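The data block below is start23.txt; it holds compact mmCIF, C-alpha atoms.
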# COMPACT_ATOMS: atom_id res chain seq x y z
CA MET A 14 35.60 -80.95 131.85
CA THR A 15 36.55 -78.11 129.47
CA ALA A 16 35.50 -74.69 130.73
CA LYS A 17 33.59 -72.44 128.37
CA ILE A 18 35.24 -69.13 127.53
CA ASN A 19 32.99 -66.13 127.10
CA PRO A 20 32.95 -64.68 123.57
CA THR A 21 34.42 -61.24 122.94
CA LYS A 22 32.02 -58.32 123.10
CA GLY A 23 33.74 -55.64 121.09
CA SER A 24 32.50 -53.64 118.15
CA PRO A 25 32.65 -55.51 114.83
CA TYR A 26 33.61 -52.30 113.06
CA SER A 27 36.01 -49.46 113.77
CA ARG A 28 37.23 -46.26 112.15
CA ILE A 29 39.57 -43.34 112.67
CA LEU A 30 37.71 -40.74 114.73
CA GLY A 31 40.33 -38.01 115.08
CA VAL A 32 43.78 -37.02 113.89
CA GLY A 33 46.50 -34.74 115.23
CA GLY A 34 50.07 -33.84 114.36
CA TYR A 35 53.11 -31.97 115.58
CA ARG A 36 55.86 -30.51 113.41
CA PRO A 37 58.93 -29.02 115.08
CA THR A 38 59.29 -25.26 114.80
CA ARG A 39 62.70 -25.34 113.11
CA ILE A 40 62.48 -25.59 109.32
CA VAL A 41 65.66 -26.82 107.61
CA PRO A 42 65.91 -25.99 103.88
CA ASN A 43 68.15 -27.90 101.50
CA GLU A 44 70.70 -25.09 101.65
CA GLU A 45 71.54 -26.05 105.21
CA ILE A 46 72.03 -29.70 104.25
CA LEU A 47 74.39 -28.64 101.46
CA LYS A 48 76.85 -27.31 104.04
CA HIS A 49 77.76 -30.92 104.79
CA ILE A 50 77.56 -32.75 101.44
CA ASP A 51 78.73 -32.12 97.89
CA SER A 52 75.39 -31.76 96.12
CA SER A 53 72.87 -29.15 95.01
CA ASP A 54 69.32 -28.11 95.75
CA GLU A 55 68.34 -29.14 92.22
CA TRP A 56 69.80 -32.63 92.70
CA ILE A 57 68.04 -33.16 96.03
CA ARG A 58 64.70 -32.00 94.64
CA SER A 59 65.03 -34.10 91.49
CA ARG A 60 65.97 -37.23 93.43
CA SER A 61 63.51 -36.92 96.31
CA GLY A 62 61.14 -34.00 95.82
CA ILE A 63 62.26 -32.61 99.19
CA ALA A 64 62.74 -28.85 99.58
CA ALA A 65 62.78 -28.66 103.39
CA ARG A 66 62.17 -30.65 106.54
CA HIS A 67 61.47 -29.97 110.24
CA TRP A 68 64.12 -30.79 112.83
CA ALA A 69 63.36 -30.94 116.54
CA GLY A 70 65.03 -28.71 119.07
CA PRO A 71 66.35 -29.85 122.47
CA ASP A 72 62.93 -29.59 124.12
CA GLU A 73 61.04 -31.24 121.25
CA THR A 74 61.66 -34.79 122.40
CA VAL A 75 59.85 -37.84 121.08
CA ALA A 76 57.68 -37.71 124.21
CA GLU A 77 56.80 -34.02 123.94
CA MET A 78 55.99 -34.26 120.22
CA THR A 79 53.87 -37.34 120.90
CA LEU A 80 51.91 -35.60 123.65
CA GLU A 81 51.17 -32.63 121.39
CA ALA A 82 49.94 -34.84 118.54
CA ALA A 83 47.98 -37.10 120.89
CA GLY A 84 46.22 -34.18 122.54
CA LYS A 85 45.04 -32.87 119.17
CA ALA A 86 43.82 -36.31 118.09
CA VAL A 87 41.84 -36.80 121.31
CA ALA A 88 40.24 -33.38 120.94
CA ASP A 89 39.48 -33.98 117.27
CA ALA A 90 37.79 -37.29 118.14
CA GLY A 91 35.60 -35.56 120.74
CA ILE A 92 36.56 -37.90 123.58
CA THR A 93 38.46 -37.44 126.84
CA PRO A 94 41.89 -38.89 127.65
CA GLU A 95 40.27 -41.12 130.29
CA GLN A 96 38.35 -42.92 127.56
CA VAL A 97 41.54 -44.09 125.82
CA GLY A 98 41.94 -47.78 126.62
CA ALA A 99 45.21 -48.44 124.80
CA VAL A 100 48.22 -46.45 123.59
CA ILE A 101 50.33 -47.76 120.70
CA ILE A 102 53.42 -45.81 119.68
CA SER A 103 55.59 -46.64 116.68
CA THR A 104 59.09 -45.20 116.85
CA VAL A 105 62.70 -46.11 116.07
CA SER A 106 64.18 -42.95 117.57
CA HIS A 107 63.24 -43.19 121.27
CA PHE A 108 66.57 -44.28 122.67
CA LYS A 109 65.43 -45.62 126.04
CA GLN A 110 64.98 -49.36 125.56
CA THR A 111 62.67 -49.82 128.53
CA PRO A 112 60.13 -48.93 129.77
CA SER A 113 58.20 -48.20 126.61
CA ILE A 114 57.51 -44.55 125.91
CA ALA A 115 53.83 -45.47 125.50
CA THR A 116 53.51 -46.04 129.25
CA GLU A 117 54.86 -42.53 129.92
CA ILE A 118 52.48 -41.02 127.37
CA ALA A 119 49.46 -42.89 128.75
CA ASP A 120 50.20 -41.53 132.21
CA ARG A 121 51.01 -37.96 131.20
CA MET A 122 48.00 -37.59 128.90
CA GLY A 123 45.64 -38.84 131.60
CA ALA A 124 44.72 -42.21 130.11
CA GLY A 125 44.96 -43.89 133.52
CA LYS A 126 45.76 -47.59 133.37
CA ALA A 127 45.44 -47.94 129.60
CA ALA A 128 47.34 -50.76 127.92
CA ALA A 129 50.50 -49.23 126.48
CA PHE A 130 53.34 -50.48 124.32
CA ASP A 131 55.79 -49.46 121.60
CA ILE A 132 56.26 -51.11 118.23
CA ASN A 133 59.25 -51.04 115.91
CA ALA A 134 57.99 -51.41 112.36
CA GLY A 135 59.83 -48.52 110.75
CA CYS A 136 57.90 -46.60 108.15
CA ALA A 137 55.09 -49.19 108.20
CA GLY A 138 54.55 -48.65 111.91
CA PHE A 139 51.40 -46.55 111.56
CA GLY A 140 49.71 -49.26 109.48
CA TYR A 141 50.76 -51.92 111.99
CA GLY A 142 49.30 -49.78 114.76
CA LEU A 143 46.00 -49.37 112.93
CA ALA A 144 45.68 -53.13 112.48
CA LEU A 145 46.38 -53.74 116.17
CA ALA A 146 43.91 -51.05 117.24
CA LYS A 147 41.21 -52.52 115.02
CA GLY A 148 41.77 -55.92 116.62
CA MET A 149 41.57 -54.50 120.15
CA ILE A 150 38.26 -52.82 119.42
CA ALA A 151 36.82 -55.98 117.86
CA ASP A 152 38.05 -57.96 120.87
CA GLY A 153 36.51 -55.50 123.30
CA SER A 154 39.76 -54.99 125.19
CA ALA A 155 39.64 -51.25 124.40
CA GLU A 156 36.92 -48.93 123.17
CA TYR A 157 39.24 -46.16 121.98
CA VAL A 158 42.87 -46.65 120.95
CA LEU A 159 45.52 -43.99 120.42
CA VAL A 160 47.92 -44.83 117.58
CA VAL A 161 50.99 -42.61 117.20
CA GLY A 162 53.98 -42.47 114.89
CA SER A 163 56.67 -40.28 116.46
CA GLU A 164 60.23 -39.76 115.25
CA ARG A 165 63.33 -37.63 115.78
CA LEU A 166 65.21 -39.01 112.80
CA SER A 167 67.59 -36.04 112.84
CA ASP A 168 69.26 -37.88 115.73
CA LEU A 169 69.92 -40.83 113.41
CA THR A 170 71.02 -38.83 110.37
CA ASP A 171 74.61 -38.82 109.17
CA LEU A 172 74.95 -35.34 107.71
CA THR A 173 78.00 -36.42 105.71
CA ASP A 174 76.21 -39.31 103.98
CA ARG A 175 75.30 -37.88 100.57
CA SER A 176 72.64 -40.55 99.99
CA THR A 177 70.62 -39.95 103.17
CA ALA A 178 71.57 -36.57 104.70
CA PHE A 179 68.68 -34.76 103.00
CA LEU A 180 65.96 -37.38 103.54
CA PHE A 181 64.86 -37.36 107.14
CA GLY A 182 62.67 -35.09 109.22
CA ASP A 183 61.12 -35.06 112.68
CA GLY A 184 57.53 -34.99 113.89
CA ALA A 185 54.62 -36.90 115.36
CA GLY A 186 51.26 -37.91 113.94
CA ALA A 187 48.43 -39.48 115.94
CA VAL A 188 44.94 -40.87 115.46
CA ILE A 189 42.17 -42.12 117.70
CA VAL A 190 40.56 -45.35 116.53
CA GLY A 191 37.15 -46.20 117.92
CA PRO A 192 33.97 -48.22 117.31
CA ALA A 193 31.82 -47.61 114.24
CA THR A 194 28.47 -48.72 112.88
CA GLU A 195 30.00 -49.72 109.55
CA PRO A 196 33.52 -50.63 108.37
CA GLY A 197 35.90 -47.67 108.47
CA ILE A 198 39.19 -49.60 108.34
CA GLY A 199 39.60 -52.29 105.73
CA PRO A 200 41.60 -55.52 105.90
CA CYS A 201 45.30 -54.90 106.48
CA ILE A 202 47.74 -56.31 103.93
CA TRP A 203 50.99 -56.48 105.84
CA GLY A 204 54.16 -58.48 105.84
CA SER A 205 57.93 -58.51 105.82
CA GLU A 206 60.83 -59.46 103.58
CA GLY A 207 63.64 -60.13 106.02
CA ASP A 208 65.95 -61.32 103.29
CA LYS A 209 66.24 -57.63 102.36
CA ALA A 210 66.88 -56.41 105.92
CA ASP A 211 70.27 -54.92 105.02
CA VAL A 212 68.77 -52.59 102.40
CA ILE A 213 67.71 -50.15 105.14
CA SER A 214 69.47 -50.48 108.47
CA GLN A 215 71.30 -48.85 111.34
CA THR A 216 74.98 -48.42 110.52
CA VAL A 217 76.17 -50.23 113.65
CA PRO A 218 74.40 -51.72 116.70
CA TRP A 219 74.29 -49.69 119.91
CA ASP A 220 76.77 -51.95 121.71
CA ALA A 221 79.42 -51.31 119.06
CA TYR A 222 79.26 -47.61 119.90
CA ARG A 223 79.21 -48.28 123.64
CA THR A 224 82.29 -50.49 123.60
CA GLY A 225 84.27 -48.06 121.48
CA GLU A 226 84.44 -50.23 118.37
CA VAL A 227 83.25 -47.21 116.40
CA GLU A 228 83.52 -43.49 117.11
CA LYS A 229 80.60 -42.34 115.02
CA PHE A 230 77.12 -42.40 116.53
CA PRO A 231 74.82 -44.91 114.76
CA ALA A 232 72.80 -43.57 111.84
CA ILE A 233 70.30 -44.84 109.29
CA ARG A 234 71.78 -46.02 106.00
CA GLN A 235 70.09 -47.37 102.91
CA GLU A 236 70.76 -48.66 99.42
CA GLY A 237 68.78 -46.06 97.55
CA GLN A 238 68.32 -47.79 94.22
CA ALA A 239 67.31 -51.11 95.80
CA VAL A 240 64.78 -49.35 98.02
CA PHE A 241 63.37 -47.42 95.08
CA ARG A 242 62.92 -50.53 92.93
CA TRP A 243 61.31 -52.47 95.76
CA ALA A 244 58.95 -49.65 96.70
CA VAL A 245 57.85 -48.91 93.14
CA TYR A 246 57.38 -52.45 91.88
CA GLU A 247 56.41 -54.43 94.97
CA MET A 248 54.49 -51.89 97.05
CA ALA A 249 52.15 -51.01 94.19
CA LYS A 250 51.14 -54.69 94.24
CA VAL A 251 50.51 -54.54 97.99
CA ALA A 252 48.45 -51.37 97.56
CA GLN A 253 46.33 -53.09 94.93
CA GLN A 254 45.85 -56.07 97.25
CA ALA A 255 44.57 -53.71 99.95
CA LEU A 256 42.09 -52.20 97.49
CA ASP A 257 40.91 -55.65 96.43
CA ALA A 258 40.56 -56.83 100.02
CA ALA A 259 38.45 -53.78 100.87
CA GLY A 260 36.35 -54.19 97.72
CA VAL A 261 37.30 -50.69 96.58
CA ALA A 262 38.27 -49.83 93.01
CA PRO A 263 40.80 -47.07 92.23
CA ALA A 264 37.95 -45.00 90.82
CA ASP A 265 36.17 -45.22 94.20
CA LEU A 266 39.08 -43.61 96.03
CA ASP A 267 39.08 -39.97 97.09
CA VAL A 268 42.57 -39.84 98.60
CA PHE A 269 45.90 -41.69 98.40
CA ILE A 270 48.25 -41.32 101.39
CA PRO A 271 51.44 -43.31 100.87
CA HIS A 272 54.43 -43.20 103.20
CA GLN A 273 56.24 -39.96 102.42
CA ALA A 274 59.57 -41.47 101.46
CA ASN A 275 60.29 -39.94 98.09
CA MET A 276 58.25 -37.96 95.55
CA ARG A 277 59.44 -40.15 92.67
CA ILE A 278 58.20 -43.27 94.47
CA ILE A 279 54.84 -41.63 95.13
CA ASP A 280 54.42 -40.53 91.51
CA SER A 281 55.42 -43.96 90.23
CA MET A 282 52.89 -45.69 92.48
CA VAL A 283 50.13 -43.35 91.30
CA LYS A 284 50.97 -44.26 87.72
CA THR A 285 51.21 -48.01 88.35
CA LEU A 286 47.91 -48.06 90.27
CA LYS A 287 46.31 -45.99 87.48
CA LEU A 288 44.68 -43.67 89.96
CA PRO A 289 42.15 -41.28 88.39
CA GLU A 290 42.91 -37.55 88.34
CA HIS A 291 40.21 -36.84 90.91
CA VAL A 292 42.17 -38.75 93.60
CA THR A 293 43.99 -36.37 95.94
CA VAL A 294 47.57 -37.56 96.49
CA ALA A 295 49.52 -36.65 99.64
CA ARG A 296 52.87 -35.07 98.78
CA ASP A 297 53.78 -33.82 102.23
CA VAL A 298 57.36 -35.04 101.71
CA GLU A 299 58.22 -31.79 99.91
CA THR A 300 58.20 -29.72 103.09
CA THR A 301 58.34 -32.37 105.81
CA GLY A 302 60.82 -34.94 104.52
CA ASN A 303 60.69 -38.61 105.47
CA THR A 304 59.38 -38.90 109.04
CA SER A 305 59.06 -42.70 109.00
CA ALA A 306 56.10 -43.88 111.14
CA ALA A 307 54.83 -40.30 111.52
CA SER A 308 54.58 -39.57 107.81
CA ILE A 309 51.12 -40.98 107.03
CA PRO A 310 49.21 -39.41 109.96
CA LEU A 311 51.06 -36.10 109.44
CA ALA A 312 50.13 -36.10 105.76
CA MET A 313 46.55 -37.06 106.65
CA GLU A 314 46.26 -34.18 109.11
CA ARG A 315 47.59 -31.66 106.59
CA LEU A 316 45.21 -32.78 103.83
CA LEU A 317 42.24 -32.41 106.15
CA ALA A 318 43.45 -29.07 107.56
CA THR A 319 43.95 -27.56 104.09
CA GLY A 320 40.63 -28.87 102.76
CA GLU A 321 42.31 -31.02 100.10
CA ALA A 322 40.57 -33.96 101.78
CA LYS A 323 37.41 -34.02 103.86
CA SER A 324 35.82 -36.11 106.57
CA GLY A 325 34.23 -39.25 105.16
CA ASP A 326 36.58 -39.51 102.19
CA THR A 327 37.84 -42.97 101.28
CA ALA A 328 41.64 -43.17 101.44
CA LEU A 329 44.23 -45.79 100.60
CA VAL A 330 47.19 -45.70 103.00
CA ILE A 331 50.40 -47.68 102.67
CA GLY A 332 53.63 -47.64 104.65
CA PHE A 333 56.88 -49.43 103.82
CA GLY A 334 60.42 -49.37 105.10
CA ALA A 335 63.18 -50.92 107.19
CA GLY A 336 62.80 -54.62 107.75
CA LEU A 337 61.76 -54.64 104.99
CA VAL A 338 58.18 -54.32 106.23
CA TYR A 339 54.94 -53.00 104.78
CA ALA A 340 51.29 -52.42 105.67
CA ALA A 341 48.42 -51.14 103.52
CA THR A 342 44.72 -50.63 104.13
CA VAL A 343 41.74 -48.56 103.04
CA VAL A 344 40.25 -46.18 105.62
CA THR A 345 37.48 -43.63 105.98
CA LEU A 346 38.98 -40.28 106.92
CA PRO A 347 37.87 -38.71 110.24

Whole structure given in structure tokens:
Amino acid sequence: MTAKINPTKGSPYSRILGVGGYRPTRIVPNEEILKHIDSSDEWIRSRSGIAARHWAGPDETVAEMTLEAAGKAVADAGITPEQVGAVIISTVSHFKQTPSIATEIADRMGAGKAAAFDINAGCAGFGYGLALAKGMIADGSAEYVLVVGSERLSDLTDLTDRSTAFLFGDGAGAVIVGPATEPGIGPCIWGSEGDKADVISQTVPWDAYRTGEVEKFPAIRQEGQAVFRWAVYEMAKVAQQALDAAGVAPADLDVFIPHQANMRIIDSMVKTLKLPEHVTVARDVETTGNTSAASIPLAMERLLATGEAKSGDTALVIGFGAGLVYAATVVTLP
């Protein structure tokens, strides 16, 4: 006899209820980067749109930045830490393989015995986290889920690499996802193109450094032109698919929050998607740099804090990066 399994009892709909961010106190202008590479401020700005970035100090660890961002998101959502039923953290720069940093964060923030795990989806990690949180809430396995992107990419930056030395910044961005009476997170269009894995990668695996095969600490490297072409031509298609899946036209959007990889990529996507002038576009990369999984929630927090976006706005978010991986969806801003 086959036993009957009870149906799930979660909420059919979910939305982002609160957002929080943490940016390290140290601001690093292009002039400091130029001490290590043969370039110019004009070249860096023209190629990337970046004027400065934040780099973490010794005490601004991935964990500490995550806790700061998480605390703000919980407060913004109007819930208590005890109500958080799951903690999802996307990071590539927490160097302890196990246990996951999410378990430490769940304990230190007071989330009790919440489910907790890390994901490694590079710059698409925030979108992956949103999709997982939405599924948990629909399943009923958690009522409120904390999703965090947290990175100390300065630890993985080769300051002598002219193609990447100026790109990366540090920080943490967090959101609380919870139940809603109507859809607040659209279908997620996500995927991977593993045949392009070498386009963005770590220079050498950890064991090569440990065994002395190389003297230089591993860093992030990328083939800039290949990444640019892929992001501009392929990710605009993914963004359009997310709009179509959500039943939202470009004219219906209020805000566009792409991964803050490069200003030229952002501007090209805006043009390809034919976004109307009324759509507010996140360009946080200028002063924050590329913070990988943290970039979308950090940009979201800044837009809301400055009043450039407001609660209830409809936003298209898309992340893309190492893997190559991507994730796009339409959300209602908290």

inquiry  = I want to know what sits within 8 Å of Gln96 (chain A), based on all atoms listed in the file, with residues of the same chain fewer than 6 positions away left out; could you give that as a ChimeraX atom specification?
reply    = /A:124,156-157

Could you dump the residues just selected with C-alpha atoms as an mmCIF file, in the coordinates of the input?
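Below is the file that was written, part_29.cif:
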data_model
loop_
_atom_site.group_PDB
_atom_site.id
_atom_site.type_symbol
_atom_site.label_atom_id
_atom_site.label_comp_id
_atom_site.auth_asym_id
_atom_site.auth_seq_id
_atom_site.Cartn_x
_atom_site.Cartn_y
_atom_site.Cartn_z
ATOM 1 C CA ALA A 124 44.720 -42.210 130.110
ATOM 2 C CA GLU A 156 36.920 -48.930 123.170
ATOM 3 C CA TYR A 157 39.240 -46.160 121.980
#

Skipping near chain neighbours, those fewer than 3 positions away, what residues fall within 7 Å of region 210-226 of chain A using all atoms listed in the file, listed as a short mmCIF file (atom, residue, chain, number, x, y, z; two decimals) with C-alpha atoms, in the coordinates of the input?
data_model
loop_
_atom_site.label_atom_id
_atom_site.label_comp_id
_atom_site.auth_asym_id
_atom_site.auth_seq_id
_atom_site.Cartn_x
_atom_site.Cartn_y
_atom_site.Cartn_z
CA GLY A 207 63.64 -60.13 106.02
CA PHE A 230 77.12 -42.40 116.53
CA PRO A 231 74.82 -44.91 114.76
CA ALA A 232 72.80 -43.57 111.84
CA ILE A 233 70.30 -44.84 109.29
CA ARG A 234 71.78 -46.02 106.00
CA GLN A 235 70.09 -47.37 102.91
CA GLU A 236 70.76 -48.66 99.42
CA ALA A 239 67.31 -51.11 95.80
CA VAL A 240 64.78 -49.35 98.02
CA ALA A 335 63.18 -50.92 107.19
CA GLY A 336 62.80 -54.62 107.75
CA LEU A 337 61.76 -54.64 104.99
#

message = Distance cut-off 12 Å, centre (71.6, -37.1, 105.6) in file coordinates, counting only C-alpha atoms: which residues qualify? Return them as an MDAnalysis selection string.
response = chainID A and resid 43 45:52 57 66 166:182 232:235 302:303

For Thr74 (chain A), find every residue with an atom within 9 Å (counting all atoms listed in the file), except residues of its own chain fewer than 4 positions away, and show them as an mmCIF file with C-alpha atoms, in the frame of the given file.
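Dumped everything to around.cif:
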data_model
loop_
_atom_site.group_PDB
_atom_site.id
_atom_site.type_symbol
_atom_site.label_atom_id
_atom_site.label_comp_id
_atom_site.auth_asym_id
_atom_site.auth_seq_id
_atom_site.Cartn_x
_atom_site.Cartn_y
_atom_site.Cartn_z
ATOM 1 C CA ALA A 69 63.360 -30.940 116.540
ATOM 2 C CA GLY A 70 65.030 -28.710 119.070
ATOM 3 C CA MET A 78 55.990 -34.260 120.220
ATOM 4 C CA THR A 79 53.870 -37.340 120.900
ATOM 5 C CA HIS A 107 63.240 -43.190 121.270
ATOM 6 C CA GLU A 164 60.230 -39.760 115.250
ATOM 7 C CA ARG A 165 63.330 -37.630 115.780
#

inquiry  = Excluding Ala341 (chain A) and its own-chain neighbours fewer than 4 positions away, which residues fall within 10 Å of it when counting only C-alpha atoms? Please give them as a list in words.
reply    =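 Residues near the query, excluding close chain neighbours: Ala137, Phe139, Gly140, Tyr141, Leu143, Ala144, Gly199, Pro200, Cys201, Ile202, Trp203, Gly204, Met248, Val251, Ala252, Gln253, Gln254, Ala255, Leu256, Pro271, His272, Leu329, Val330, Ile331, Gly332 and Phe333 of chain A.
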
Could you add N, CA, C and O atoms to region 14-34 of chain A and give me the result as a PDB file, keeping the file's coordinate frame?
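Written output follows (selection_37.pdb):
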ATOM      1  N   MET A  14      36.619 -81.777 132.488  1.00  0.00           N
ATOM      2  CA  MET A  14      35.600 -80.950 131.850  1.00  0.00           C
ATOM      3  C   MET A  14      36.244 -79.667 131.330  1.00  0.00           C
ATOM      4  O   MET A  14      37.007 -79.003 132.035  1.00  0.00           O
ATOM      5  N   THR A  15      35.975 -79.330 130.066  1.00  0.00           N
ATOM      6  CA  THR A  15      36.550 -78.110 129.470  1.00  0.00           C
ATOM      7  C   THR A  15      35.655 -76.914 129.789  1.00  0.00           C
ATOM      8  O   THR A  15      34.456 -76.917 129.498  1.00  0.00           O
ATOM      9  N   ALA A  16      36.255 -75.901 130.391  1.00  0.00           N
ATOM     10  CA  ALA A  16      35.500 -74.690 130.730  1.00  0.00           C
ATOM     11  C   ALA A  16      35.145 -73.914 129.475  1.00  0.00           C
ATOM     12  O   ALA A  16      35.911 -73.899 128.503  1.00  0.00           O
ATOM     13  N   LYS A  17      34.006 -73.267 129.487  1.00  0.00           N
ATOM     14  CA  LYS A  17      33.590 -72.440 128.370  1.00  0.00           C
ATOM     15  C   LYS A  17      34.117 -71.017 128.544  1.00  0.00           C
ATOM     16  O   LYS A  17      34.016 -70.436 129.621  1.00  0.00           O
ATOM     17  N   ILE A  18      34.696 -70.493 127.491  1.00  0.00           N
ATOM     18  CA  ILE A  18      35.240 -69.130 127.530  1.00  0.00           C
ATOM     19  C   ILE A  18      34.218 -68.187 126.914  1.00  0.00           C
ATOM     20  O   ILE A  18      33.674 -68.449 125.831  1.00  0.00           O
ATOM     21  N   ASN A  19      33.952 -67.104 127.611  1.00  0.00           N
ATOM     22  CA  ASN A  19      32.990 -66.130 127.100  1.00  0.00           C
ATOM     23  C   ASN A  19      33.465 -65.543 125.775  1.00  0.00           C
ATOM     24  O   ASN A  19      34.670 -65.285 125.593  1.00  0.00           O
ATOM     25  N   PRO A  20      32.568 -65.304 124.842  1.00  0.00           N
ATOM     26  CA  PRO A  20      32.950 -64.680 123.570  1.00  0.00           C
ATOM     27  C   PRO A  20      33.302 -63.203 123.771  1.00  0.00           C
ATOM     28  O   PRO A  20      32.903 -62.592 124.772  1.00  0.00           O
ATOM     29  N   THR A  21      34.083 -62.658 122.864  1.00  0.00           N
ATOM     30  CA  THR A  21      34.420 -61.240 122.940  1.00  0.00           C
ATOM     31  C   THR A  21      33.179 -60.395 122.672  1.00  0.00           C
ATOM     32  O   THR A  21      32.246 -60.823 121.990  1.00  0.00           O
ATOM     33  N   LYS A  22      33.195 -59.181 123.214  1.00  0.00           N
ATOM     34  CA  LYS A  22      32.020 -58.320 123.100  1.00  0.00           C
ATOM     35  C   LYS A  22      32.372 -56.949 122.543  1.00  0.00           C
ATOM     36  O   LYS A  22      31.774 -55.938 122.891  1.00  0.00           O
ATOM     37  N   GLY A  23      33.350 -56.906 121.676  1.00  0.00           N
ATOM     38  CA  GLY A  23      33.740 -55.640 121.090  1.00  0.00           C
ATOM     39  C   GLY A  23      32.874 -55.245 119.919  1.00  0.00           C
ATOM     40  O   GLY A  23      31.931 -55.943 119.550  1.00  0.00           O
ATOM     41  N   SER A  24      33.219 -54.121 119.324  1.00  0.00           N
ATOM     42  CA  SER A  24      32.500 -53.640 118.150  1.00  0.00           C
ATOM     43  C   SER A  24      33.031 -54.346 116.904  1.00  0.00           C
ATOM     44  O   SER A  24      34.245 -54.451 116.717  1.00  0.00           O
ATOM     45  N   PRO A  25      32.164 -54.843 116.041  1.00  0.00           N
ATOM     46  CA  PRO A  25      32.650 -55.510 114.830  1.00  0.00           C
ATOM     47  C   PRO A  25      33.328 -54.565 113.856  1.00  0.00           C
ATOM     48  O   PRO A  25      34.114 -54.986 113.008  1.00  0.00           O
ATOM     49  N   TYR A  26      33.041 -53.283 113.981  1.00  0.00           N
ATOM     50  CA  TYR A  26      33.610 -52.300 113.060  1.00  0.00           C
ATOM     51  C   TYR A  26      34.318 -51.188 113.828  1.00  0.00           C
ATOM     52  O   TYR A  26      33.988 -50.890 114.982  1.00  0.00           O
ATOM     53  N   SER A  27      35.279 -50.581 113.166  1.00  0.00           N
ATOM     54  CA  SER A  27      36.010 -49.460 113.770  1.00  0.00           C
ATOM     55  C   SER A  27      36.400 -48.473 112.679  1.00  0.00           C
ATOM     56  O   SER A  27      36.361 -48.788 111.488  1.00  0.00           O
ATOM     57  N   ARG A  28      36.788 -47.279 113.098  1.00  0.00           N
ATOM     58  CA  ARG A  28      37.230 -46.260 112.150  1.00  0.00           C
ATOM     59  C   ARG A  28      38.103 -45.244 112.872  1.00  0.00           C
ATOM     60  O   ARG A  28      38.166 -45.216 114.104  1.00  0.00           O
ATOM     61  N   ILE A  29      38.784 -44.435 112.109  1.00  0.00           N
ATOM     62  CA  ILE A  29      39.570 -43.340 112.670  1.00  0.00           C
ATOM     63  C   ILE A  29      38.613 -42.210 113.006  1.00  0.00           C
ATOM     64  O   ILE A  29      37.845 -41.751 112.149  1.00  0.00           O
ATOM     65  N   LEU A  30      38.646 -41.762 114.257  1.00  0.00           N
ATOM     66  CA  LEU A  30      37.710 -40.740 114.730  1.00  0.00           C
ATOM     67  C   LEU A  30      38.335 -39.353 114.834  1.00  0.00           C
ATOM     68  O   LEU A  30      37.621 -38.347 114.844  1.00  0.00           O
ATOM     69  N   GLY A  31      39.658 -39.296 114.939  1.00  0.00           N
ATOM     70  CA  GLY A  31      40.330 -38.010 115.080  1.00  0.00           C
ATOM     71  C   GLY A  31      41.785 -38.127 114.714  1.00  0.00           C
ATOM     72  O   GLY A  31      42.378 -39.208 114.801  1.00  0.00           O
ATOM     73  N   VAL A  32      42.375 -37.026 114.303  1.00  0.00           N
ATOM     74  CA  VAL A  32      43.780 -37.020 113.890  1.00  0.00           C
ATOM     75  C   VAL A  32      44.461 -35.763 114.434  1.00  0.00           C
ATOM     76  O   VAL A  32      43.831 -34.707 114.587  1.00  0.00           O
ATOM     77  N   GLY A  33      45.732 -35.882 114.748  1.00  0.00           N
ATOM     78  CA  GLY A  33      46.500 -34.740 115.230  1.00  0.00           C
ATOM     79  C   GLY A  33      47.959 -34.887 114.836  1.00  0.00           C
ATOM     80  O   GLY A  33      48.438 -36.002 114.605  1.00  0.00           O
ATOM     81  N   GLY A  34      48.661 -33.773 114.750  1.00  0.00           N
ATOM     82  CA  GLY A  34      50.070 -33.840 114.360  1.00  0.00           C
ATOM     83  C   GLY A  34      50.884 -32.768 115.037  1.00  0.00           C
ATOM     84  O   GLY A  34      50.351 -31.771 115.546  1.00  0.00           O
TER      85      GLY A  34
END
